[in-house]
file coords36.txt (compact mmCIF, C-alpha atoms and all ligand atoms)
# COMPACT_ATOMS: atom_id res chain seq x y z
CA MET U 1 -119.12 154.57 54.74
CA HIS U 2 -120.59 151.18 53.99
CA LEU U 3 -120.56 148.80 56.96
CA PHE U 4 -120.53 145.03 56.97
CA CYS U 5 -124.04 144.01 57.95
CA GLN U 6 -125.27 140.53 58.78
CA GLU U 7 -128.83 139.77 57.73
CA SER U 8 -131.32 137.10 58.86
CA GLY U 9 -135.04 136.53 58.36
CA SER U 10 -137.48 138.48 56.26
CA GLY U 11 -140.32 140.97 56.75
CA SER U 12 -140.16 144.40 58.35
CA THR U 13 -136.67 145.55 59.29
CA LEU U 14 -135.13 145.51 62.76
CA VAL U 15 -131.61 146.95 63.05
CA LEU U 16 -129.55 146.19 66.16
CA VAL U 17 -126.36 148.14 66.89
CA HIS U 18 -123.65 146.68 69.12
CA GLY U 19 -121.94 148.25 72.14
CA PHE U 20 -118.30 149.12 72.90
CA PRO U 21 -115.89 147.44 72.23
CA PHE U 22 -117.92 144.63 70.74
CA ASP U 23 -119.09 143.63 67.27
CA SER U 24 -122.26 142.35 65.66
CA THR U 25 -121.66 138.78 66.88
CA MET U 26 -122.99 139.99 70.25
CA TRP U 27 -126.45 139.64 68.66
CA ASP U 28 -125.99 135.96 67.75
CA PRO U 29 -128.38 134.91 70.59
CA GLN U 30 -131.07 137.08 68.94
CA ARG U 31 -130.56 136.01 65.33
CA ALA U 32 -132.72 132.89 65.09
CA ALA U 33 -135.50 133.96 67.46
CA LEU U 34 -135.97 137.49 66.08
CA GLY U 35 -135.22 136.46 62.48
CA GLU U 36 -138.42 134.36 62.57
CA HIS U 37 -140.45 137.52 62.93
CA CYS U 38 -138.55 140.16 60.94
CA ARG U 39 -135.59 141.00 58.76
CA LEU U 40 -132.82 141.41 61.33
CA LEU U 41 -129.84 143.55 60.30
CA THR U 42 -126.81 143.78 62.57
CA PRO U 43 -124.04 146.10 61.32
CA ASP U 44 -120.45 146.06 62.54
CA LEU U 45 -119.63 149.68 63.38
CA ARG U 46 -116.59 151.14 61.61
CA GLY U 47 -113.36 149.39 62.55
CA TYR U 48 -115.14 146.56 64.41
CA GLY U 49 -115.87 143.02 63.28
CA ARG U 50 -115.80 142.88 59.50
CA SER U 51 -116.21 146.61 58.82
CA THR U 52 -113.22 148.60 57.68
CA ALA U 53 -111.75 151.38 59.79
CA THR U 54 -111.34 155.04 58.94
CA ALA U 55 -108.32 157.17 59.81
CA GLU U 56 -109.96 159.68 62.19
CA SER U 57 -108.57 159.78 65.72
CA THR U 58 -112.10 160.34 67.13
CA TYR U 59 -115.11 158.24 66.12
CA THR U 60 -118.03 160.44 67.08
CA ILE U 61 -121.40 158.86 67.81
CA ASP U 62 -122.99 160.96 65.06
CA ALA U 63 -120.44 159.66 62.53
CA LEU U 64 -121.19 156.07 63.60
CA ALA U 65 -124.91 156.84 63.20
CA ASP U 66 -124.34 158.30 59.72
CA ASP U 67 -122.51 155.09 58.75
CA VAL U 68 -125.55 153.04 59.79
CA ILE U 69 -127.93 155.21 57.74
CA GLU U 70 -125.60 155.15 54.71
CA THR U 71 -125.37 151.36 54.94
CA LEU U 72 -129.14 150.92 55.18
CA ASP U 73 -129.59 153.28 52.21
CA SER U 74 -127.15 151.25 50.15
CA MET U 75 -129.04 148.07 51.11
CA GLY U 76 -132.29 149.60 49.85
CA VAL U 77 -133.99 149.92 53.26
CA ASP U 78 -136.45 152.64 52.29
CA GLN U 79 -139.34 151.87 54.69
CA PRO U 80 -139.34 152.99 58.33
CA PHE U 81 -137.60 150.43 60.53
CA VAL U 82 -137.24 149.54 64.20
CA LEU U 83 -133.82 150.48 65.56
CA GLY U 84 -132.24 149.09 68.68
CA GLY U 85 -128.89 149.45 70.34
CA LEU U 86 -127.04 148.25 73.40
CA SER U 87 -125.14 150.84 75.41
CA MET U 88 -122.98 152.67 72.81
CA GLY U 89 -125.36 151.20 70.22
CA GLY U 90 -128.13 152.97 72.15
CA TYR U 91 -126.23 156.27 71.87
CA VAL U 92 -126.07 155.63 68.11
CA ALA U 93 -129.81 154.84 68.05
CA LEU U 94 -130.60 158.11 69.89
CA SER U 95 -128.42 160.03 67.43
CA ILE U 96 -130.44 158.53 64.57
CA ALA U 97 -133.72 159.27 66.38
CA ALA U 98 -132.62 162.90 66.79
CA ARG U 99 -131.35 163.41 63.24
CA TYR U 100 -133.28 160.95 61.06
CA ALA U 101 -136.59 160.68 62.96
CA ASN U 102 -138.67 159.93 59.86
CA ARG U 103 -136.68 156.74 59.24
CA LEU U 104 -137.89 155.08 62.47
CA ARG U 105 -141.09 153.29 63.45
CA GLY U 106 -139.85 152.13 66.84
CA LEU U 107 -136.86 152.22 69.15
CA LEU U 108 -135.21 149.69 71.48
CA LEU U 109 -132.87 151.18 74.08
CA ILE U 110 -131.00 148.37 75.79
CA ASP U 111 -128.61 148.82 78.74
CA THR U 112 -127.95 152.39 77.71
CA ARG U 113 -128.46 156.01 78.76
CA ALA U 114 -129.33 159.37 77.22
CA GLY U 115 -126.87 161.42 79.30
CA ALA U 116 -123.36 162.48 78.34
CA ASP U 117 -120.20 161.60 80.28
CA THR U 118 -119.50 163.70 83.37
CA PRO U 119 -116.43 165.92 82.87
CA GLU U 120 -114.44 163.50 85.08
CA ALA U 121 -115.58 160.45 83.10
CA ALA U 122 -114.76 162.19 79.81
CA THR U 123 -111.28 163.11 81.06
CA GLY U 124 -110.75 159.52 82.21
CA ARG U 125 -111.77 158.20 78.78
CA ARG U 126 -109.42 160.61 76.96
CA GLU U 127 -106.53 159.65 79.22
CA LEU U 128 -107.27 155.98 78.67
CA ALA U 129 -107.44 156.54 74.89
CA ALA U 130 -103.99 158.19 74.96
CA LYS U 131 -102.55 155.25 76.91
CA VAL U 132 -104.12 152.67 74.60
CA ASP U 133 -102.76 154.56 71.57
CA ALA U 134 -99.29 154.81 73.10
CA THR U 135 -99.03 151.18 74.17
CA GLY U 136 -101.44 149.29 71.88
CA ASP U 137 -102.33 147.32 74.99
CA LEU U 138 -105.96 146.18 75.37
CA ASP U 139 -105.13 144.99 78.90
CA LEU U 140 -105.72 148.63 79.81
CA VAL U 141 -109.41 148.12 78.94
CA VAL U 142 -110.51 144.49 78.90
CA PRO U 143 -109.68 143.07 82.38
CA SER U 144 -111.27 145.98 84.25
CA MET U 145 -114.36 146.12 82.03
CA LEU U 146 -115.08 142.40 81.56
CA PRO U 147 -116.36 141.45 85.06
CA ARG U 148 -118.51 144.62 85.23
CA LEU U 149 -120.46 143.52 82.15
CA PHE U 150 -122.05 140.50 83.82
CA ALA U 151 -124.35 139.67 86.70
CA ALA U 152 -122.73 137.55 89.44
CA GLN U 153 -124.88 134.63 88.36
CA SER U 154 -123.68 134.90 84.74
CA LEU U 155 -120.02 135.02 85.86
CA LEU U 156 -120.61 131.87 87.88
CA GLU U 157 -122.88 129.88 85.58
CA GLN U 158 -121.89 131.02 82.07
CA PRO U 159 -118.06 130.87 81.92
CA ASP U 160 -118.14 130.12 78.17
CA LEU U 161 -120.12 133.31 77.55
CA VAL U 162 -117.60 135.34 79.57
CA THR U 163 -114.72 133.81 77.58
CA SER U 164 -116.38 134.50 74.25
CA VAL U 165 -117.12 138.13 75.20
CA GLU U 166 -113.48 138.56 76.25
CA ARG U 167 -112.37 137.14 72.87
CA MET U 168 -114.76 139.49 71.06
CA MET U 169 -113.34 142.50 72.95
CA ARG U 170 -109.75 141.44 72.27
CA ARG U 171 -110.45 141.17 68.52
CA SER U 172 -110.84 144.97 68.52
CA SER U 173 -107.90 147.02 67.32
CA PRO U 174 -106.34 149.26 70.01
CA ALA U 175 -106.36 152.28 67.66
CA ILE U 176 -110.10 151.81 67.04
CA VAL U 177 -110.78 151.38 70.75
CA ALA U 178 -108.91 154.65 71.40
CA ALA U 179 -110.82 156.49 68.63
CA THR U 180 -114.12 155.21 70.04
CA LEU U 181 -113.22 156.19 73.61
CA ARG U 182 -112.64 159.77 72.38
CA GLY U 183 -116.00 159.70 70.58
CA LEU U 184 -117.79 158.41 73.68
CA ALA U 185 -116.17 161.18 75.74
CA CYS U 186 -117.57 163.96 73.52
CA ARG U 187 -121.04 162.55 72.83
CA PRO U 188 -123.92 164.97 73.38
CA ASP U 189 -126.42 164.76 76.21
CA ARG U 190 -129.73 163.68 74.62
CA THR U 191 -131.82 163.78 77.82
CA ASP U 192 -133.74 166.91 76.79
CA PHE U 193 -134.52 165.35 73.42
CA LEU U 194 -136.28 162.28 74.91
CA PRO U 195 -139.76 163.91 75.21
CA ALA U 196 -139.67 164.63 71.46
CA ILE U 197 -139.37 160.94 70.52
CA GLU U 198 -142.78 159.98 69.18
CA GLN U 199 -142.01 156.40 68.18
CA PRO U 200 -142.99 153.57 70.53
CA THR U 201 -139.87 152.76 72.54
CA LEU U 202 -138.87 149.72 74.56
CA VAL U 203 -136.34 150.36 77.32
CA ILE U 204 -134.62 147.19 78.55
CA VAL U 205 -132.07 146.98 81.33
CA GLY U 206 -130.39 144.17 83.24
CA GLN U 207 -131.39 144.12 86.91
CA HIS U 208 -127.71 144.28 87.97
CA ASP U 209 -126.37 146.60 85.26
CA ALA U 210 -123.65 148.64 87.01
CA ILE U 211 -122.55 150.54 83.87
CA THR U 212 -125.96 151.92 82.86
CA PRO U 213 -127.99 151.26 86.04
CA PRO U 214 -131.72 150.39 86.13
CA GLN U 215 -132.62 153.64 87.90
CA GLU U 216 -131.19 155.68 85.02
CA ALA U 217 -133.00 153.50 82.48
CA ARG U 218 -136.25 153.93 84.41
CA ASP U 219 -135.80 157.73 84.45
CA MET U 220 -135.10 157.66 80.71
CA ALA U 221 -138.28 155.66 80.09
CA LYS U 222 -140.30 158.18 82.16
CA ARG U 223 -139.13 161.04 79.93
CA LEU U 224 -140.15 159.18 76.76
CA PRO U 225 -143.78 159.87 75.74
CA ASN U 226 -144.43 156.37 74.46
CA ALA U 227 -142.18 153.92 76.30
CA ARG U 228 -142.35 150.54 77.96
CA PHE U 229 -139.74 149.71 80.61
CA VAL U 230 -138.57 146.15 81.29
CA GLU U 231 -135.96 145.02 83.80
CA ILE U 232 -134.37 141.65 83.01
CA ARG U 233 -133.72 139.51 86.07
CA GLU U 234 -130.29 137.94 86.71
CA ALA U 235 -128.65 140.02 84.00
CA ALA U 236 -126.36 143.06 83.97
CA HIS U 237 -124.94 145.17 81.11
CA LEU U 238 -125.10 142.37 78.52
CA ALA U 239 -128.71 141.36 79.14
CA PRO U 240 -129.33 140.15 75.53
CA MET U 241 -126.38 137.74 75.85
CA GLU U 242 -126.87 136.76 79.49
CA GLN U 243 -130.63 136.18 79.32
CA PRO U 244 -131.43 135.85 75.60
CA THR U 245 -134.72 133.98 76.04
CA ALA U 246 -136.20 136.67 78.27
CA VAL U 247 -134.90 139.54 76.12
CA ASN U 248 -136.05 137.92 72.86
CA GLN U 249 -139.53 137.42 74.29
CA VAL U 250 -139.83 141.05 75.36
CA VAL U 251 -138.59 142.28 71.98
CA LEU U 252 -140.96 139.96 70.09
CA ASP U 253 -143.90 141.19 72.20
CA PHE U 254 -142.90 144.78 71.43
CA LEU U 255 -142.66 144.08 67.67
CA ARG U 256 -146.05 142.33 67.68
CA HIS U 257 -147.70 145.23 69.52
CA LEU U 258 -146.16 147.64 67.07
CA ASP U 259 -147.50 145.65 64.10
CA GLN U 260 -150.96 145.52 65.71
CA ALA U 261 -151.03 149.23 66.55
CA GLU U 262 -149.99 150.11 63.00
CA SER U 263 -152.59 147.82 61.44
CA LEU U 264 -155.32 149.50 63.54
CA ALA U 265 -154.13 153.02 62.70
C1 LIG P 301 -120.86 150.00 75.96
O1 LIG P 301 -121.17 148.90 76.45
O2 LIG P 301 -121.13 150.29 74.79
C2 LIG P 301 -120.09 150.97 76.83
O3 LIG P 301 -120.08 150.53 78.14
C3 LIG P 301 -120.63 152.35 76.70
C4 LIG P 301 -119.97 153.32 77.61
O4 LIG P 301 -118.89 153.06 78.13
O5 LIG P 301 -120.53 154.42 77.80
call {"tool": "encode", "arguments": {"input": "coords36.txt", "output": "structure tokens", "more": "lines below"}}
Ligand code: MLT
result
Amino acid sequence: MHLFCQESGSGSTLVLVHGFPFDSTMWDPQRAALGEHCRLLTPDLRGYGRSTATAESTYTIDALADDVIETLDSMGVDQPFVLGGLSMGGYVALSIAARYANRLRGLLLIDTRAGADTPEAATGRRELAAKVDATGDLDLVVPSMLPRLFAAQSLLEQPDLVTSVERMMRRSSPAIVAATLRGLACRPDRTDFLPAIEQPTLVIVGQHDAITPPQEARDMAKRLPNARFVEIREAAHLAPMEQPTAVNQVVLDFLRHLDQAESLA
């Protein structure tokens, strides 16, 4: 399906995919800084932001990835691009790396992991999805998740950011949240695929990320043949929103190195 996709800047293409249960406005702190260097495309995944929903009761990660590819095709993106994703967006990016490798020239894995849910975590997600479907109540998701997204310093010093992330989460439809939870629960483990990723990859993680912890991100980077690992200080799961200046700098450095390496090749 065709997704709504916000576009800024010009040049080579960088696609950034949002996490759960967010939308493409989470990349607003990246738009101006990264748009100076490239053509930044930020899709809203199906059912989120300004993209329409589909009727399936499970939104698999591979289906979300196919939507992204279909959207880029319809926008005429025919040259290899850099693809990045935060958390669930990272799962989508890894699905694209596994199934559409020739489309990519680089990968950004931000506050994410390659592993699947444990059986207990998957059961918990499915039970939560059933409750959200039955009640339509996002209070089953948002209040418990919100404080875990941020570093203590962000909670203390950036109350407006916390409020705007809560608003973004509450804009999601309960039925879509439930369908996504089911998709997250059945996503494949891509750990064994990591050594096959040839594209230069930047792994970024917030120092205090409790959802996808730094140690897991470091292990993921070690399995990637061509990866750089960066830990962002005083940030947690939403590093690009909590510490945009630091994250933008690291991403810009990565894009410049990629351009240089390609021009020498
Ligand atoms: C996300 O931020 O996309 C979610 O935390 C992903 C997850 O729950 O696995």
call {"tool": "closest_residue", "arguments": {"input": "coords36.txt", "among": "U:Glu7, U:Glu234, U:Asp192, U:Asp44", "to": "Ser24 of chain U", "atoms": "only C-alpha atoms"}}
result
U:Asp44
call {"tool": "residues_near_ligand", "arguments": {"input": "coords36.txt", "ligand": "ligand LIG 301 (chain P)", "cutoff": "6 Å", "atoms": "all atoms listed in the file", "output": "PDB file with C-alpha atoms, in the coordinates of the input"}}
result
ATOM      1  CA  GLY U  19    -121.940 148.250  72.140  1.00  0.00           C
ATOM      2  CA  PHE U  20    -118.300 149.120  72.900  1.00  0.00           C
ATOM      3  CA  SER U  87    -125.140 150.840  75.410  1.00  0.00           C
ATOM      4  CA  MET U  88    -122.980 152.670  72.810  1.00  0.00           C
TER       5      MET U  88
END
call {"tool": "residues_near_point", "arguments": {"input": "coords36.txt", "point": "(-142.1, 149.7, 66.1)", "cutoff": "10 Å", "atoms": "all atoms listed in the file", "output": "mmCIF file with C-alpha atoms, keeping the file's coordinate frame"}}
result
data_model
loop_
_atom_site.group_PDB
_atom_site.id
_atom_site.type_symbol
_atom_site.label_atom_id
_atom_site.label_comp_id
_atom_site.auth_asym_id
_atom_site.auth_seq_id
_atom_site.Cartn_x
_atom_site.Cartn_y
_atom_site.Cartn_z
ATOM 1 C CA SER U 12 -140.160 144.400 58.350
ATOM 2 C CA THR U 13 -136.670 145.550 59.290
ATOM 3 C CA LEU U 14 -135.130 145.510 62.760
ATOM 4 C CA PRO U 80 -139.340 152.990 58.330
ATOM 5 C CA PHE U 81 -137.600 150.430 60.530
ATOM 6 C CA VAL U 82 -137.240 149.540 64.200
ATOM 7 C CA LEU U 83 -133.820 150.480 65.560
ATOM 8 C CA LEU U 104 -137.890 155.080 62.470
ATOM 9 C CA ARG U 105 -141.090 153.290 63.450
ATOM 10 C CA GLY U 106 -139.850 152.130 66.840
ATOM 11 C CA LEU U 107 -136.860 152.220 69.150
ATOM 12 C CA LEU U 108 -135.210 149.690 71.480
ATOM 13 C CA GLN U 199 -142.010 156.400 68.180
ATOM 14 C CA PRO U 200 -142.990 153.570 70.530
ATOM 15 C CA THR U 201 -139.870 152.760 72.540
ATOM 16 C CA LEU U 202 -138.870 149.720 74.560
ATOM 17 C CA PHE U 254 -142.900 144.780 71.430
ATOM 18 C CA LEU U 255 -142.660 144.080 67.670
ATOM 19 C CA ARG U 256 -146.050 142.330 67.680
ATOM 20 C CA HIS U 257 -147.700 145.230 69.520
ATOM 21 C CA LEU U 258 -146.160 147.640 67.070
ATOM 22 C CA ASP U 259 -147.500 145.650 64.100
ATOM 23 C CA GLN U 260 -150.960 145.520 65.710
ATOM 24 C CA ALA U 261 -151.030 149.230 66.550
ATOM 25 C CA GLU U 262 -149.990 150.110 63.000
#
call {"tool": "closest_residue", "arguments": {"input": "coords36.txt", "among": "U:Pro159, U:Pro240, U:Pro213, U:Gly115", "to": "His18 of chain U", "atoms": "all atoms listed in the file"}}
result
U:Pro240
call {"tool": "atom_distance", "arguments": {"input": "coords36.txt", "atom1": "atom CA of Ala32 of chain U", "atom2": "atom CA of Val68 of chain U"}}
result
22.0 Å
call {"tool": "closest_residue", "arguments": {"input": "coords36.txt", "among": "U:Gln153, U:Ser164, U:Thr191, U:Ser51", "to": "Leu64 of chain U", "atoms": "only C-alpha atoms"}}
result
U:Ser51
call {"tool": "atom_distance", "arguments": {"input": "coords36.txt", "atom1": "atom CA of Gly206 of chain U", "atom2": "atom CA of Arg233 of chain U"}}
result
6.4 Å
call {"tool": "closest_residue", "arguments": {"input": "coords36.txt", "among": "U:Arg167, U:His237, U:Arg99, U:Arg126", "to": "Phe150 of chain U", "atoms": "only C-alpha atoms"}}
result
U:His237
call {"tool": "closest_residue", "arguments": {"input": "coords36.txt", "among": "U:Met168, U:Leu181, U:Ala235, U:Ala114", "to": "Leu194 of chain U", "atoms": "only C-alpha atoms"}}
result
U:Ala114
call {"tool": "atom_distance", "arguments": {"input": "coords36.txt", "atom1": "atom CA of Glu231 of chain U", "atom2": "atom CA of Ala210 of chain U"}}
result
13.2 Å
call {"tool": "closest_residue", "arguments": {"input": "coords36.txt", "among": "U:Asp28, U:Ser10, U:Asp78, U:Phe22", "to": "Glu166 of chain U", "atoms": "only C-alpha atoms"}}
result
U:Phe22
call {"tool": "residues_near_point", "arguments": {"input": "coords36.txt", "point": "(-105.3, 149.7, 72.3)", "cutoff": "7 Å", "atoms": "only C-alpha atoms", "output": "number ranges by chain"}}
result
U: 132-133, 135-138, 173-175, 177-178
call {"tool": "residues_around", "arguments": {"input": "coords36.txt", "residues": "Arg148 of chain U", "least_positions_apart": "2", "cutoff": "12 Å", "atoms": "all atoms listed in the file", "output": "list in words"}}
result
Val141, Val142, Pro143, Ser144, Met145, Leu146, Phe150, Ala151, Ala152, Ser154, Leu155, Val162, Glu166, His208, Asp209, Ala210, Ile211, Thr212, Pro213, Ala235, Ala236, His237 and Leu238 of chain U
call {"tool": "residues_around", "arguments": {"input": "coords36.txt", "residues": "Ala98 of chain U", "least_positions_apart": "6", "cutoff": "10 Å", "atoms": "only C-alpha atoms", "output": "list in words"}}
result
Asp62, Val92, Arg190, Phe193, Leu194, Ala196 and Ile197 of chain U
call {"tool": "residues_around", "arguments": {"input": "coords36.txt", "residues": "Asn248 of chain U", "least_positions_apart": "4", "cutoff": "10 Å", "atoms": "only C-alpha atoms", "output": "NGL selection string"}}
result
:U and (29-34 or 240 or 243-244 or 252-254)
